[in-house]
Amino acid sequence: MSGFYRLAGGRIVDPSCGRDEIGDLFVAAGRIADPASLPQESWERIDASGCIVAPGLIDLHVHLREPGDPQKETIASGTRAAAAGGFTAVVAMPNTRPPADQPNTIGWIRERAKEQGAVRVYPTGCLSEGRKGEKLAPLGSLRAAGVVAFTDDGGCIQDAGLMRRVMEYAAMLGLPILEHCEETSVSGGGTMHEGYWSTVLGLRGWPSLAEELIVSRDILLAELTGARLHCQHLSTAGSVRLVREAKRRGVAVSAEVTPHHLALTDGALVDYDTNFKMNPPLGSEADREALLEGIADGTIDLIASDHAPHCSFEKEVEFDRAPFGVVGLETMLAVSADALVKTKILDWPALIQRLSTVPARILGLPGGTLTAGAPADLVVIDPNLEWIVDPQAFLSRGRNSPFAGWELRGRAILTMVEGKIVWRL
Ligand SMILES: NC(=O)N[C@@H](CC(=O)O)C(=O)O
């Protein structure tokens, strides 16, 4: 019978209920099933021995580039890359052309995702009209059109008074704000982290202060307004400290970190390779250690890719002129395992929790669980599979990976969305 699967003999890891055992997982008619409900011969057997069977990964930070820039990525190519990376859902950033600041654009994205998406796509809506940071976007209509959060990602509202209003509305509408924390009068013109390496390389520095000023401002505003604040791609030790203190005080704040900020530092820019240029920039070793500590103690809730594809011709220019951004969907799982599991900072169940169960909870999305009756959004991971990153082999249109040539361990070998196989290695 088609659509009835028995994932046999894998290590079933379900952080939503603390399950971690070798066994068989059953999928019927798009849902995690109870095996007692059907006779044995009905199930198509998929061998999962030596593998981890987990809830599908959920990425809260992805640039799918549609509408507007299909030469960089499309909803079709980006979601196929996501499926290959083990993701069953992605949250799409609104810095498209036009920006996702009107309900009809959200409608277009949702329609397109339904037709062409390999995985679930959850759109976000802008905080400000055109992401210009001047006027409120129509937040109520955007919510009605189906956005899961508000963000001006790629940009940041500089005006604290406007940000206060935005937070008041977001709190009233019950949706979180995903904040790209950057004070542009401080970061202005910087292309890499301000420190030893920016001096050595002669590149204009981007001080940590640019991020930390907005993290602290927004924590105060969230406290004042009761809005739910999620700080995107934290990159500095100071930001980790600020979020840690705010959580201790009970402020409704959560945070993410990217795999590249966990694995790399500004020293990687020594060859002026623009595949290491992203926003926020790679920090110092002290920053990286603080981010690892932040993940370990739960200050940083989850890992998100900030998958930001650009065309090769755009990246193959002088460092100052290249756009910010790197791809990450197809390397996130293995790079995170390299930075966190190999180093024994997290074990596999804890890593899966930060890649699936926690992101689902933070945005209130379906998924992140393997309990019977839940939609069969799952991933089979071979934690021992060794592979070499070859950007030319990516399903993403973007080749701008800082991990080209890396020897990694661990890979999604099968991804299923609502019981349908969307990726098989
Ligand atoms: N994260 C990035 O380096 N780039 C993002 C937007 C941005 O945050 O600048 C992009 O859309 O390319």
# chains A, B, ... in the order shown; residues from 1 in each chain; ligands from 1
call {"tool": "select_by_dssp", "arguments": {"residues": "range 95-323 of chain A", "states": "strand (DSSP E)", "output": "list in words"}}
result
Arg120, Val121, Tyr122, Pro123, Ile177, Leu178, Glu179, Met192, His193, Gly205, Trp206, Leu229, His230, Cys231, Val253, Ser254, Ala255, Glu256, Val257, Leu302 and Ile303 of chain A
call {"tool": "write_last_selection", "arguments": {"atoms": "C-alpha atoms", "output": "CSV table (one decimal), in the first residue's frame"}}
result
chain,number,residue,atom,x,y,z
A,120,ARG,CA,6.4,23.7,4.3
A,121,VAL,CA,7.0,27.4,3.8
A,122,TYR,CA,5.9,29.9,6.5
A,123,PRO,CA,6.1,33.5,5.3
A,177,ILE,CA,9.1,39.9,16.2
A,178,LEU,CA,12.2,38.4,14.6
A,179,GLU,CA,14.8,41.1,15.0
A,192,MET,CA,33.8,42.7,8.7
A,193,HIS,CA,34.1,42.4,12.5
A,205,GLY,CA,35.4,47.3,10.9
A,206,TRP,CA,31.9,46.6,12.1
A,229,LEU,CA,11.2,39.3,20.9
A,230,HIS,CA,13.4,36.8,19.0
A,231,CYS,CA,16.9,38.0,18.3
A,253,VAL,CA,13.1,37.0,24.6
A,254,SER,CA,14.5,34.1,22.6
A,255,ALA,CA,17.6,33.9,20.3
A,256,GLU,CA,19.2,32.0,17.4
A,257,VAL,CA,22.7,31.5,16.2
A,302,LEU,CA,18.1,27.4,18.5
A,303,ILE,CA,20.2,27.2,15.4
call {"tool": "residues_near_ligand", "arguments": {"ligand": "ligand 1", "cutoff": "6 Å", "atoms": "only C-alpha atoms and all ligand atoms", "output": "PyMOL selection string"}}
result
chain A and resi 63+153-154+278-279+306+308+324-325
call {"tool": "write_last_selection", "arguments": {"atoms": "C-alpha atoms", "output": "mmCIF file, in the first residue's frame"}}
result
data_model
loop_
_atom_site.group_PDB
_atom_site.id
_atom_site.type_symbol
_atom_site.label_atom_id
_atom_site.label_comp_id
_atom_site.auth_asym_id
_atom_site.auth_seq_id
_atom_site.Cartn_x
_atom_site.Cartn_y
_atom_site.Cartn_z
ATOM 1 C CA HIS A 63 15.881 33.718 2.217
ATOM 2 C CA ASP A 153 15.345 41.118 8.355
ATOM 3 C CA GLY A 154 18.271 42.353 6.356
ATOM 4 C CA MET A 278 27.823 37.927 5.829
ATOM 5 C CA ASN A 279 25.614 40.035 8.042
ATOM 6 C CA ASP A 306 20.239 32.482 7.555
ATOM 7 C CA ALA A 308 21.222 33.802 1.903
ATOM 8 C CA PHE A 324 26.462 39.999 2.518
ATOM 9 C CA GLY A 325 25.236 36.429 2.852
#
call {"tool": "residues_around", "arguments": {"residues": "Ala82 in chain A", "least_positions_apart": "3", "cutoff": "12 Å", "atoms": "only C-alpha atoms", "output": "PyMOL selection string"}}
result
chain A and resi 56-64+73-79+85-92+117-121+304-305+307+327-333+379+394-397+412+414-417+422-423
call {"tool": "residues_around", "arguments": {"residues": "Glu223 in chain A", "least_positions_apart": "4", "cutoff": "8 Å", "atoms": "only C-alpha atoms", "output": "VMD selection string"}}
result
chain A and resid 219 227 251 to 252
call {"tool": "closest_residue", "arguments": {"among": "A:Gly267, A:Gly190, A:Gly161, A:Gly405", "to": "Arg217 in chain A", "atoms": "only C-alpha atoms"}}
result
A:Gly161
call {"tool": "atom_distance", "arguments": {"atom1": "CA of Thr265 in chain A", "atom2": "CA of Pro309 in chain A"}}
result
20.3 Å
call {"tool": "residues_around", "arguments": {"residues": "Thr124 in chain A", "least_positions_apart": "4", "cutoff": "6 Å", "atoms": "only C-alpha atoms", "output": "MDAnalysis selection string"}}
result
chainID A and resid 93:94 147:150
call {"tool": "select_by_dssp", "arguments": {"residues": "range 61-284 of chain A", "states": "alpha helix (DSSP H)", "output": "JSON, numbers by chain"}}
result
{"A": [75, 76, 77, 78, 79, 80, 81, 82, 83, 84, 103, 104, 105, 106, 107, 108, 109, 110, 111, 112, 113, 114, 115, 116, 139, 140, 141, 142, 143, 144, 145, 160, 161, 162, 163, 164, 165, 166, 167, 168, 169, 170, 171, 172, 173, 184, 185, 186, 187, 196, 197, 198, 199, 200, 201, 209, 210, 211, 212, 213, 214, 215, 216, 217, 218, 219, 220, 221, 222, 223, 224, 225, 237, 238, 239, 240, 241, 242, 243, 244, 245, 246, 247, 248, 259, 260, 261, 262, 263]}
call {"tool": "closest_residue", "arguments": {"among": "A:Ser198, A:Gly410, A:Trp348, A:Ala393", "to": "Asp14 in chain A", "atoms": "only C-alpha atoms"}}
result
A:Trp348
call {"tool": "residues_around", "arguments": {"residues": "Ala376 in chain A", "least_positions_apart": "4", "cutoff": "7 Å", "atoms": "only C-alpha atoms", "output": "VMD selection string"}}
result
chain A and resid 27 30 to 32 416 to 419
call {"tool": "closest_residue", "arguments": {"among": "A:Gly188, A:Pro55, A:Pro39, A:Gly133", "to": "Arg11 in chain A", "atoms": "only C-alpha atoms"}}
result
A:Pro55
call {"tool": "closest_residue", "arguments": {"among": "A:Pro259, A:Gly50, A:Gly140, A:Pro67", "to": "Met172 in chain A", "atoms": "only C-alpha atoms"}}
result
A:Gly140
